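Engineer: File work-v8.tsv follows (TSV, C-alpha atoms (C1' of nucleotides)):
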chain	number	residue	atom	x	y	z
A	1	MET	CA	93.01	87.84	47.73
A	2	LYS	CA	90.93	90.16	49.86
A	3	ILE	CA	91.11	89.32	53.55
A	4	LEU	CA	88.60	90.27	56.22
A	5	PHE	CA	90.14	90.16	59.69
A	6	PHE	CA	88.38	89.26	62.93
A	7	GLY	CA	90.21	90.00	66.16
A	8	THR	CA	90.02	92.12	69.27
A	9	PRO	CA	92.86	92.07	71.84
A	10	TYR	CA	96.60	92.53	71.66
A	11	PHE	CA	97.26	89.14	70.13
A	12	ALA	CA	94.99	90.11	67.26
A	13	GLU	CA	96.77	93.43	66.83
A	14	VAL	CA	100.08	91.70	66.28
A	15	VAL	CA	98.56	89.34	63.75
A	16	LEU	CA	96.87	92.20	61.90
A	17	LYS	CA	100.09	94.19	61.76
A	18	GLY	CA	101.90	91.11	60.55
A	19	MET	CA	99.55	90.68	57.63
A	20	LEU	CA	99.79	94.34	56.69
A	21	ASP	CA	103.57	94.30	56.95
A	22	ASN	CA	103.68	91.32	54.63
A	23	GLY	CA	101.60	93.09	52.06
A	24	PHE	CA	98.35	91.19	52.32
A	25	ASP	CA	95.21	92.91	51.13
A	26	VAL	CA	93.21	93.35	54.32
A	27	VAL	CA	89.89	94.98	53.45
A	28	GLY	CA	88.45	95.44	56.91
A	29	VAL	CA	88.63	94.65	60.62
A	30	VAL	CA	85.81	93.17	62.66
A	31	CYS	CA	86.16	93.48	66.43
A	32	GLN	CA	84.10	93.51	69.59
A	33	ASN	CA	82.05	96.52	70.55
A	34	ASP	CA	83.31	99.42	72.60
A	35	LYS	CA	82.80	98.85	76.29
A	36	PRO	CA	82.48	101.13	79.27
A	37	ALA	CA	85.78	100.87	81.10
A	38	GLY	CA	87.84	102.54	83.76
A	39	ARG	CA	86.78	105.19	86.23
A	40	GLY	CA	83.73	107.06	85.14
A	41	LYS	CA	82.88	104.10	82.89
A	42	LYS	CA	83.69	105.90	79.68
A	43	MET	CA	83.27	103.99	76.45
A	44	VAL	CA	86.57	102.60	75.26
A	45	SER	CA	87.37	101.06	71.91
A	46	PRO	CA	89.54	97.97	71.55
A	47	ALA	CA	93.12	99.04	70.81
A	48	ILE	CA	92.96	97.35	67.44
A	49	VAL	CA	90.53	99.99	66.24
A	50	GLU	CA	93.29	102.56	66.31
A	51	ILE	CA	95.60	100.39	64.26
A	52	ALA	CA	92.90	99.65	61.74
A	53	LYS	CA	92.07	103.31	61.33
A	54	ALA	CA	95.73	104.27	61.11
A	55	ASN	CA	95.94	101.95	58.13
A	56	GLY	CA	92.80	103.27	56.57
A	57	LEU	CA	90.83	100.08	57.18
A	58	PRO	CA	87.11	100.14	57.83
A	59	VAL	CA	86.15	98.82	61.28
A	60	TYR	CA	83.02	96.77	61.84
A	61	GLN	CA	81.62	96.32	65.34
A	62	PHE	CA	78.44	94.30	65.15
A	63	GLU	CA	76.42	93.23	68.15
A	64	LYS	CA	75.29	90.01	66.49
A	65	LEU	CA	77.23	88.80	63.49
A	66	SER	CA	74.38	86.59	62.31
A	67	GLN	CA	72.21	89.65	61.79
A	68	HIS	CA	74.72	91.20	59.40
A	69	ILE	CA	75.28	88.47	56.85
A	70	GLU	CA	74.23	90.75	54.01
A	71	ASP	CA	76.66	93.39	55.26
A	72	PHE	CA	79.46	90.84	55.18
A	73	LYS	CA	78.59	89.77	51.68
A	74	ALA	CA	78.64	93.41	50.63
A	75	ILE	CA	82.20	93.83	51.91
A	76	GLY	CA	83.39	91.51	49.20
A	77	TYR	CA	86.24	89.48	50.68
A	78	ASP	CA	87.71	86.11	49.69
A	79	LEU	CA	88.99	84.80	52.99
A	80	ALA	CA	88.31	85.52	56.63
A	81	VAL	CA	91.15	85.36	59.16
A	82	THR	CA	90.42	85.23	62.87
A	83	ALA	CA	92.74	85.68	65.84
A	84	SER	CA	91.34	86.00	69.36
A	85	TYR	CA	88.11	87.50	68.10
A	86	GLY	CA	86.32	86.53	71.28
A	87	LYS	CA	83.07	85.12	69.95
A	88	PHE	CA	81.92	82.23	67.82
A	89	LEU	CA	81.38	82.89	64.14
A	90	PRO	CA	77.92	81.75	63.03
A	91	LYS	CA	77.58	79.12	60.32
A	92	SER	CA	75.87	81.62	58.04
A	93	LEU	CA	79.03	83.70	58.13
A	94	LEU	CA	81.39	80.77	57.66
A	95	ASP	CA	79.32	79.74	54.65
A	96	ILE	CA	80.06	82.97	52.79
A	97	ASN	CA	83.79	82.39	52.41
A	98	PRO	CA	86.48	80.15	53.92
A	99	CYS	CA	87.85	81.16	57.29
A	100	ILE	CA	91.12	80.33	59.04
A	101	ASN	CA	92.15	80.91	62.62
A	102	VAL	CA	95.39	81.49	64.50
A	103	HIS	CA	95.33	79.78	67.90
A	104	PRO	CA	98.12	80.06	70.48
A	105	SER	CA	98.45	76.41	71.50
A	106	MET	CA	99.40	73.07	70.02
A	107	LEU	CA	95.90	71.94	69.11
A	108	PRO	CA	94.09	69.77	69.98
A	109	LYS	CA	95.60	70.73	73.34
A	110	TYR	CA	94.07	73.77	75.03
A	111	ARG	CA	91.06	74.48	72.89
A	112	GLY	CA	89.22	77.49	74.22
A	113	ALA	CA	89.67	81.02	75.43
A	114	THR	CA	92.78	80.89	77.60
A	115	PRO	CA	95.47	78.70	76.03
A	116	ILE	CA	98.38	80.95	76.87
A	117	GLN	CA	97.48	81.38	80.53
A	118	SER	CA	96.72	77.69	80.86
A	119	ALA	CA	100.08	76.58	79.52
A	120	ILE	CA	101.92	78.76	82.04
A	121	LEU	CA	99.56	77.91	84.86
A	122	ASN	CA	100.16	74.21	84.32
A	123	GLY	CA	103.89	74.71	84.37
A	124	ASP	CA	104.33	73.57	80.77
A	125	THR	CA	107.75	74.04	79.23
A	126	MET	CA	106.50	73.86	75.67
A	127	THR	CA	103.48	75.28	73.90
A	128	GLY	CA	102.95	76.51	70.37
A	129	VAL	CA	100.78	78.05	67.72
A	130	THR	CA	98.33	76.46	65.32
A	131	VAL	CA	96.82	77.81	62.12
A	132	MET	CA	93.70	75.94	61.22
A	133	LYS	CA	90.38	76.14	59.45
A	134	THR	CA	87.65	77.80	61.45
A	135	GLU	CA	84.61	75.60	61.93
A	136	ILE	CA	81.47	75.81	64.00
A	137	GLY	CA	83.00	73.80	66.82
A	138	MET	CA	85.43	75.47	69.17
A	139	ASP	CA	88.96	75.32	67.81
A	140	ASP	CA	88.37	71.93	66.21
A	141	GLY	CA	89.04	72.69	62.53
A	142	ASP	CA	91.61	70.97	60.33
A	143	ILE	CA	95.18	72.05	60.88
A	144	PHE	CA	97.27	73.74	58.20
A	145	VAL	CA	100.43	74.14	60.20
A	146	GLN	CA	101.65	74.37	63.76
A	147	LYS	CA	104.92	75.12	65.47
A	148	GLU	CA	106.20	74.59	68.98
A	149	VAL	CA	107.45	77.42	71.16
A	150	GLU	CA	109.46	76.94	74.34
A	151	ILE	CA	108.21	78.46	77.59
A	152	LEU	CA	111.18	79.73	79.57
A	153	PRO	CA	111.06	79.81	83.39
A	154	GLU	CA	111.19	83.60	83.27
A	155	ASP	CA	108.41	83.90	80.71
A	156	ASP	CA	105.12	85.38	81.84
A	157	TYR	CA	101.91	85.98	79.94
A	158	THR	CA	103.21	89.18	78.40
A	159	SER	CA	106.43	87.77	77.03
A	160	LEU	CA	104.95	84.46	75.95
A	161	GLN	CA	102.07	86.12	74.19
A	162	ASP	CA	104.55	88.18	72.21
A	163	LYS	CA	106.49	85.12	71.16
A	164	LEU	CA	103.36	83.24	70.20
A	165	ALA	CA	101.92	86.18	68.30
A	166	ASN	CA	105.09	86.53	66.27
A	167	VAL	CA	105.16	82.84	65.48
A	168	GLY	CA	101.48	83.13	64.66
A	169	VAL	CA	102.24	85.78	62.07
A	170	GLU	CA	104.98	83.62	60.61
A	171	LEU	CA	102.68	80.60	60.27
A	172	LEU	CA	99.77	82.64	59.02
A	173	VAL	CA	101.83	84.30	56.29
A	174	GLU	CA	103.10	80.88	55.24
A	175	THR	CA	99.56	79.49	55.13
A	176	LEU	CA	98.14	82.44	53.25
A	177	HIS	CA	100.79	82.09	50.56
A	178	LYS	CA	99.98	78.41	50.21
A	179	ILE	CA	96.29	79.12	49.96
A	180	GLU	CA	97.01	81.64	47.22
A	181	ASN	CA	99.14	79.06	45.36
A	182	GLY	CA	96.62	76.36	45.93
A	183	THR	CA	99.24	74.24	47.71
A	184	ALA	CA	97.70	74.40	51.17
A	185	VAL	CA	97.20	71.03	52.81
A	186	ARG	CA	95.29	70.45	56.00
A	187	THR	CA	94.90	67.50	58.32
A	188	ALA	CA	92.20	66.69	60.82
A	189	GLN	CA	92.84	67.06	64.54
A	190	ASP	CA	92.90	64.03	66.79
A	191	HIS	CA	89.71	64.89	68.62
A	192	GLU	CA	90.28	62.14	71.18
A	193	LYS	CA	93.21	64.10	72.58
A	194	ALA	CA	91.43	67.42	72.81
A	195	THR	CA	91.64	69.36	76.08
A	196	PHE	CA	89.69	72.48	76.89
A	197	VAL	CA	90.46	75.59	78.89
A	198	ARG	CA	87.79	77.75	80.40
A	199	LEU	CA	87.56	81.46	80.89
A	200	ILE	CA	89.44	82.81	83.88
A	201	GLU	CA	87.52	84.48	86.69
A	202	LYS	CA	88.81	87.20	88.91
A	203	GLU	CA	88.75	84.88	91.92
A	204	ASP	CA	91.08	82.48	90.12
A	205	GLY	CA	93.83	84.97	90.91
A	206	LEU	CA	93.71	84.30	94.65
A	207	LEU	CA	96.97	82.80	95.84
A	208	ASP	CA	96.61	79.82	98.16
A	209	PHE	CA	99.77	79.45	100.20
A	210	SER	CA	98.96	75.90	101.14
A	211	LYS	CA	100.00	75.11	97.57
A	212	PRO	CA	103.57	74.64	96.36
A	213	ALA	CA	105.54	77.86	95.82
A	214	GLN	CA	106.18	77.08	92.16
A	215	SER	CA	102.47	76.77	91.42
A	216	LEU	CA	101.94	80.20	92.98
A	217	VAL	CA	104.71	81.62	90.83
A	218	ASN	CA	103.07	80.07	87.78
A	219	LYS	CA	99.80	81.74	88.66
A	220	VAL	CA	101.53	85.10	88.96
A	221	ARG	CA	103.19	84.59	85.58
A	222	ALA	CA	99.99	83.47	83.87
A	223	PHE	CA	97.79	86.23	85.27
A	224	VAL	CA	100.17	89.19	85.09
A	225	GLU	CA	98.01	90.98	82.50
A	226	SER	CA	94.68	89.88	83.90
A	227	PRO	CA	93.16	89.23	86.34
A	228	VAL	CA	96.46	89.49	88.32
A	229	ALA	CA	97.33	87.14	91.19
A	230	TYR	CA	96.56	88.50	94.67
A	231	PHE	CA	96.21	87.74	98.35
A	232	PHE	CA	95.14	89.58	101.48
A	233	LEU	CA	97.18	90.95	104.36
A	234	GLY	CA	94.55	92.10	106.80
A	235	GLU	CA	92.19	94.25	104.74
A	236	ASP	CA	94.77	94.99	102.10
A	237	ARG	CA	94.52	93.18	98.83
A	238	ILE	CA	98.06	92.82	97.52
A	239	LYS	CA	98.38	92.25	93.81
A	240	VAL	CA	101.46	90.36	92.66
A	241	TYR	CA	103.03	91.06	89.27
A	242	LYS	CA	106.29	89.21	89.57
A	243	ALA	CA	107.48	86.48	91.88
A	244	LYS	CA	109.88	83.59	92.20
A	245	VAL	CA	110.64	80.66	94.45
A	246	ALA	CA	113.25	81.76	97.00
A	247	VAL	CA	115.35	78.60	97.00
A	248	ASP	CA	118.06	80.25	99.11
A	249	ILE	CA	115.82	81.04	102.05
A	250	GLN	CA	115.37	78.78	105.04
A	251	ALA	CA	111.69	78.49	105.77
A	252	ASP	CA	111.31	79.89	109.28
A	253	ALA	CA	107.60	80.57	109.36
A	254	GLN	CA	104.17	79.02	109.20
A	255	VAL	CA	102.42	78.50	105.89
A	256	GLY	CA	100.93	81.80	104.74
A	257	GLU	CA	103.09	83.82	107.11
A	258	VAL	CA	105.39	86.64	106.06
A	259	VAL	CA	109.01	85.60	106.58
A	260	PRO	CA	110.82	88.42	108.43
A	261	ASN	CA	113.34	90.03	106.10
A	262	LYS	CA	114.31	93.68	105.68
A	263	LYS	CA	114.89	93.68	101.98
A	264	ARG	CA	112.85	90.85	100.55
A	265	PHE	CA	109.14	90.20	100.58
A	266	LEU	CA	108.81	86.52	101.45
A	267	ILE	CA	105.85	84.34	102.30
A	268	LYS	CA	105.97	80.73	103.33
A	269	ALA	CA	104.19	78.36	100.97
A	270	SER	CA	103.56	74.68	101.54
A	271	ASP	CA	106.91	73.43	100.28
A	272	GLY	CA	109.14	76.47	100.27
A	273	VAL	CA	109.30	80.23	100.24
A	274	PHE	CA	107.41	82.39	97.77
A	275	GLU	CA	109.21	85.64	97.03
A	276	ILE	CA	107.33	88.65	95.75
A	277	LEU	CA	109.43	90.78	93.42
A	278	ARG	CA	106.85	93.26	92.18
A	279	CYS	CA	103.51	94.06	93.76
A	280	GLN	CA	100.90	96.69	94.50
A	281	ALA	CA	98.84	97.68	97.51
A	282	PRO	CA	95.37	99.24	97.17
A	283	GLY	CA	95.59	102.82	95.96
A	284	GLY	CA	99.30	102.55	95.30
A	285	LYS	CA	101.41	102.04	92.26
A	286	VAL	CA	103.05	98.82	91.15
A	287	LEU	CA	106.37	98.71	92.97
A	288	ASP	CA	109.45	96.54	93.20
A	289	ALA	CA	109.39	94.60	96.45
A	290	LYS	CA	112.31	96.47	97.98
A	291	VAL	CA	110.67	99.84	97.37
A	292	PHE	CA	107.33	98.50	98.52
A	293	LEU	CA	108.83	97.39	101.81
A	294	ASN	CA	110.35	100.84	102.42
A	295	GLY	CA	106.99	102.37	103.02
A	296	TYR	CA	104.43	99.63	103.52
A	297	ARG	CA	103.02	99.29	107.02
A	298	PHE	CA	102.02	95.72	107.64
A	299	LYS	CA	98.56	95.43	109.13
A	300	SER	CA	99.08	91.72	109.40
A	301	THR	CA	102.01	89.40	108.90
A	302	VAL	CA	99.81	86.46	108.12
A	303	VAL	CA	97.97	86.04	104.85
A	304	THR	CA	94.24	86.29	105.42
A	305	VAL	CA	92.46	83.20	104.20
B	1	C	C1'	78.20	112.84	87.06
B	2	G	C1'	79.32	104.43	89.17
B	3	C	C1'	82.05	103.70	94.43
B	4	G	C1'	86.62	104.73	96.93
B	5	A	C1'	91.99	105.97	98.19
B	6	G	C1'	95.88	109.41	97.49
B	7	G	C1'	99.30	113.63	95.81
B	8	U	C1'	104.80	115.58	102.01
B	9	A	C1'	113.26	115.47	100.17
B	10	G	C1'	115.57	111.17	94.26
B	11	A	C1'	111.96	106.60	95.75
B	12	G	C1'	108.18	104.46	99.08
B	13	C	C1'	105.49	106.16	103.31
B	14	A	C1'	104.03	108.58	108.50
B	15	G	C1'	102.21	113.21	110.33
B	16	C	C1'	96.13	115.60	109.14
B	17	U	C1'	90.90	113.31	113.96
B	18	C	C1'	92.81	117.30	118.60
B	19	G	C1'	95.95	123.77	113.58
B	20	G	C1'	101.56	126.19	116.42
B	21	A	C1'	109.33	124.42	114.92
B	22	A	C1'	109.34	118.61	108.53
B	23	G	C1'	109.75	112.80	110.46
B	24	C	C1'	110.52	107.20	109.07
B	25	U	C1'	112.57	103.37	105.73
B	26	C	C1'	115.74	103.39	101.48
B	27	G	C1'	118.86	105.95	97.96
B	28	C	C1'	122.80	109.69	97.49
B	29	C	C1'	127.59	112.28	99.59
B	30	G	C1'	131.48	111.97	103.46
B	31	G	C1'	133.78	109.30	107.50
B	32	G	C1'	134.45	104.78	110.60
B	33	C	C1'	134.59	99.33	111.47
B	34	U	C1'	136.08	95.02	108.51
B	35	C	C1'	140.20	90.40	104.86
B	36	A	C1'	135.72	92.02	102.74
B	37	U	C1'	130.53	93.37	101.94
B	38	A	C1'	124.49	94.40	99.30
B	39	A	C1'	126.22	93.94	106.61
B	40	C	C1'	127.01	97.37	110.85
B	41	C	C1'	128.19	102.50	113.26
B	42	C	C1'	128.65	108.06	112.89
B	43	G	C1'	127.84	112.52	110.22
B	44	G	C1'	125.80	115.41	105.87
B	45	A	C1'	123.18	117.39	101.68
B	46	G	C1'	118.26	117.44	99.79
B	47	G	C1'	111.25	119.55	100.64
B	48	U	C1'	107.64	127.02	98.42
B	49	C	C1'	104.06	119.58	102.34
B	50	A	C1'	100.33	118.99	93.85
B	51	C	C1'	98.26	124.02	92.23
B	52	A	C1'	94.94	128.32	93.34
B	53	G	C1'	91.91	130.80	96.66
B	54	G	C1'	89.57	131.13	101.75
B	55	U	C1'	89.29	130.89	107.46
B	56	U	C1'	93.08	132.09	111.38
B	57	C	C1'	97.70	135.62	115.31
B	58	A	C1'	99.37	130.92	113.01
B	59	A	C1'	97.62	125.89	107.89
B	60	A	C1'	101.02	119.79	105.57
B	61	U	C1'	96.92	119.86	109.12
B	62	C	C1'	90.25	123.14	108.55
B	63	C	C1'	86.93	124.95	103.99
B	64	U	C1'	86.28	125.63	98.43
B	65	G	C1'	87.87	124.92	93.41
B	66	U	C1'	91.42	122.90	89.64
B	67	C	C1'	95.00	119.36	87.78
B	68	C	C1'	97.21	114.48	88.21
B	69	U	C1'	97.74	109.31	90.09
B	70	C	C1'	95.87	104.69	91.89
B	71	G	C1'	92.28	100.71	93.92
B	72	C	C1'	87.21	98.63	93.19
B	73	A	C1'	83.39	97.87	89.94
B	74	A	C1'	82.33	97.08	84.71
Any chance you could put this one into C-alpha cells?
Structural biologist:
Amino acid sequence: MKILFFGTPYFAEVVLKGMLDNGFDVVGVVCQNDKPAGRGKKMVSPAIVEIAKANGLPVYQFEKLSQHIEDFKAIGYDLAVTASYGKFLPKSLLDINPCINVHPSMLPKYRGATPIQSAILNGDTMTGVTVMKTEIGMDDGDIFVQKEVEILPEDDYTSLQDKLANVGVELLVETLHKIENGTAVRTAQDHEKATFVRLIEKEDGLLDFSKPAQSLVNKVRAFVESPVAYFFLGEDRIKVYKAKVAVDIQADAQVGEVVPNKKRFLIKASDGVFEILRCQAPGGKVLDAKVFLNGYRFKSTVVTV
RNA sequence: CGCGAGGUAGAGCAGCUCGGAAGCUCGCCGGGCUCAUAACCCGGAGGUCACAGGUUCAAAUCCUGUCCUCGCAA
C-alpha cells in the first residue's frame, strides 16, 4: 500500500516518522510552501521537509492543490494520510484515493485548527486522538478509532502535543493495518455534539489579570509554543513561558499589581496570585523568574491594561 | 539589504548622553548569628568591558568594520 502523506508542523513530523518506523511505504510528502521567516525574512522550509529528504522522499509544495490533480494521479499512491496539513483538501483530490486523518482531540469535540491549545485553555483534564476518514467538511469524517489521553496539571502545549502525537502514531498504525487487512470499521460522528475551535491570534495571548489565576496559567500552558502569553509592565512586553498559581502566597496587592517579593515573580489575579516561573523581556533571553529578577529593572509595578 | 534592542566576573543587569581608578542583584568560597534555614550579618575570590582597527595624553564610554544573541514584523 503506497501512502502519500500530507502534513506540515511538528505534529505531522512525528506522525510521518511513526509511519516510516513501522515500515509503511510512504511515497511522498506534501506540505505547505516555504515562507519568509525570522529576521531578514529569509525563506524557510517547514521542518518536515528535512525529515522527508533525509528519508529519500519526494516533497511536494503546491500553492493550490486543486490545480495539481494530474500531478497527484501521476504519483501513484493508494491512500492519503493527513496530519495537521493546514489546509482543506479539495474534493477532486479526495476523489482520487481514500484519505484518512489524524486529529488530536476526541471528535466531534474540538473540530478545527487548534484542538490541543483549546483543551488546555479550557482547563480540560482529558483529551485524546481520533483517526478518521477525511471528508470535505472540517474534521467531520467517520471515525476509525480514538483514544483518550489525560492532561496533567503540569502539561503544556509542548508536552501534550508529544503525547498526542505518539498516541496518534499508535492509532494510525493500527488503522493502516486494518485497512490493509480489510477489517477496518468506521462509525459516523455525532454531529449534534460537534464543537469548533478557531485559529488563535497573537492578541489572544494577552493576560487579563482580572481573570482567575488558574485561567491565566492555562493560557500560558496552551500558548507556550505560539503565540506565547504576555502582558505589559510599562512599555515592556513580558512574555510568559511557565507559570503556576501561588497558593502559598497571601494576596497583598491590587489586581494586576506585582506582589513585592525578592525571589519570586508574583502578580495578583482576581482570585489569587499568579506566579511567573519563566519569562522574557524584550531583547532578552527566556529566563527563570529568579534569574530574571536579578537584573530586571521594573519600569512599573502595575500591569498596563 | 524589513524595523529595532543588545553583547561588561559563573548568571542576570547598571555604567555609555557629559571619555579619566569596574559597580548592582544572585551564585560560589570562608567566617559569624541561629535549635535551624532557601533568612540575616561580615569578609573573599572571580572581568584583556564580544572581536579587529581608528580618534585621544587617556576609550566599557566616541568613530568604522566583523562575528554572535534577542524583540517586533511576517
Engineer: Have a look at B:A38, B:A60, B:A74, B:G43 and name the one nearest to G15 in chain B; count only C-alpha atoms (C1' of nucleotides).
Structural biologist: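 Counting only C-alpha atoms (C1' of nucleotides), the residue closest to G15 in chain B is B:A60.
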Engineer: Restrict the distance test to only C-alpha atoms (C1' of nucleotides), flag each residue of chain B within 8 Å of chain A, and return the flagged residues as a list in words.
Structural biologist: G2, A5, G6, A11, G12, C13, U25, C26, C70, G71 and A74 of chain B
Engineer: What is the C1' of G4 in chain B to C1' of C67 in chain B distance in Å?
Structural biologist: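 C1' of C67 in chain B lies at a distance of 19.2 Å from C1' of G4 in chain B.
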Engineer: So how many Å separate CA of Gln214 in chain A and CA of Glu235 in chain A, to one decimal?
Structural biologist: 25.5 Å
Engineer: Which of these, A:Met138, A:Leu152, A:Ile276, A:Val245, has the shortest distance to Gly112 in chain A once you count only C-alpha atoms?
Structural biologist: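 The shortest atom-to-atom distance to Gly112 in chain A comes from A:Met138.
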Engineer: Within 10 Å of (99.6, 72.9, 58.1) in the file's own coordinates, which protein, DNA or RNA residues have an atom, counting all atoms listed in the file? List them as a PyMOL selection string.
Structural biologist: chain A and resi 130-133+142-147+171-172+174-175+178+184-187
Engineer: By how many Å are CA of Ala289 in chain A and CA of Gln161 in chain A apart?
Structural biologist: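 That distance, rounded to one decimal, is 24.9 Å.
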Engineer: Excluding C41 in chain B and residues on its chain fewer than 6 positions from it, collect all residues at most 12 Å away from it, counting all atoms listed in the file, and give them as a short mmCIF file (atom, residue, chain, number, x, y, z; two decimals) with C-alpha atoms (C1' of nucleotides), in the coordinates of the input.
Structural biologist:
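Full text of part37.cif as output:
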data_model
loop_
_atom_site.label_atom_id
_atom_site.label_comp_id
_atom_site.auth_asym_id
_atom_site.auth_seq_id
_atom_site.Cartn_x
_atom_site.Cartn_y
_atom_site.Cartn_z
"C1'" G B 31 133.78 109.30 107.50
"C1'" G B 32 134.45 104.78 110.60
"C1'" C B 33 134.59 99.33 111.47
"C1'" U B 34 136.08 95.02 108.51
#
Engineer: I want to know what sits within 9 Å of range 220-226 of chain A, based on only C-alpha atoms (C1' of nucleotides), with residues of the same chain fewer than 5 positions away left out; could you give that as a compact mmCIF listing (two decimals) with C-alpha atoms, keeping the file's coordinate frame?
Structural biologist:
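The file below, result.txt, is the result:
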# COMPACT_ATOMS: atom_id res chain seq x y z
CA ILE A 116 98.38 80.95 76.87
CA GLN A 117 97.48 81.38 80.53
CA SER A 118 96.72 77.69 80.86
CA ALA A 119 100.08 76.58 79.52
CA ILE A 120 101.92 78.76 82.04
CA LEU A 121 99.56 77.91 84.86
CA GLU A 154 111.19 83.60 83.27
CA ASP A 155 108.41 83.90 80.71
CA ASP A 156 105.12 85.38 81.84
CA TYR A 157 101.91 85.98 79.94
CA THR A 158 103.21 89.18 78.40
CA ILE A 200 89.44 82.81 83.88
CA LYS A 202 88.81 87.20 88.91
CA GLY A 205 93.83 84.97 90.91
CA LEU A 207 96.97 82.80 95.84
CA SER A 215 102.47 76.77 91.42
CA VAL A 240 101.46 90.36 92.66
CA TYR A 241 103.03 91.06 89.27
CA LYS A 242 106.29 89.21 89.57
CA ALA A 243 107.48 86.48 91.88
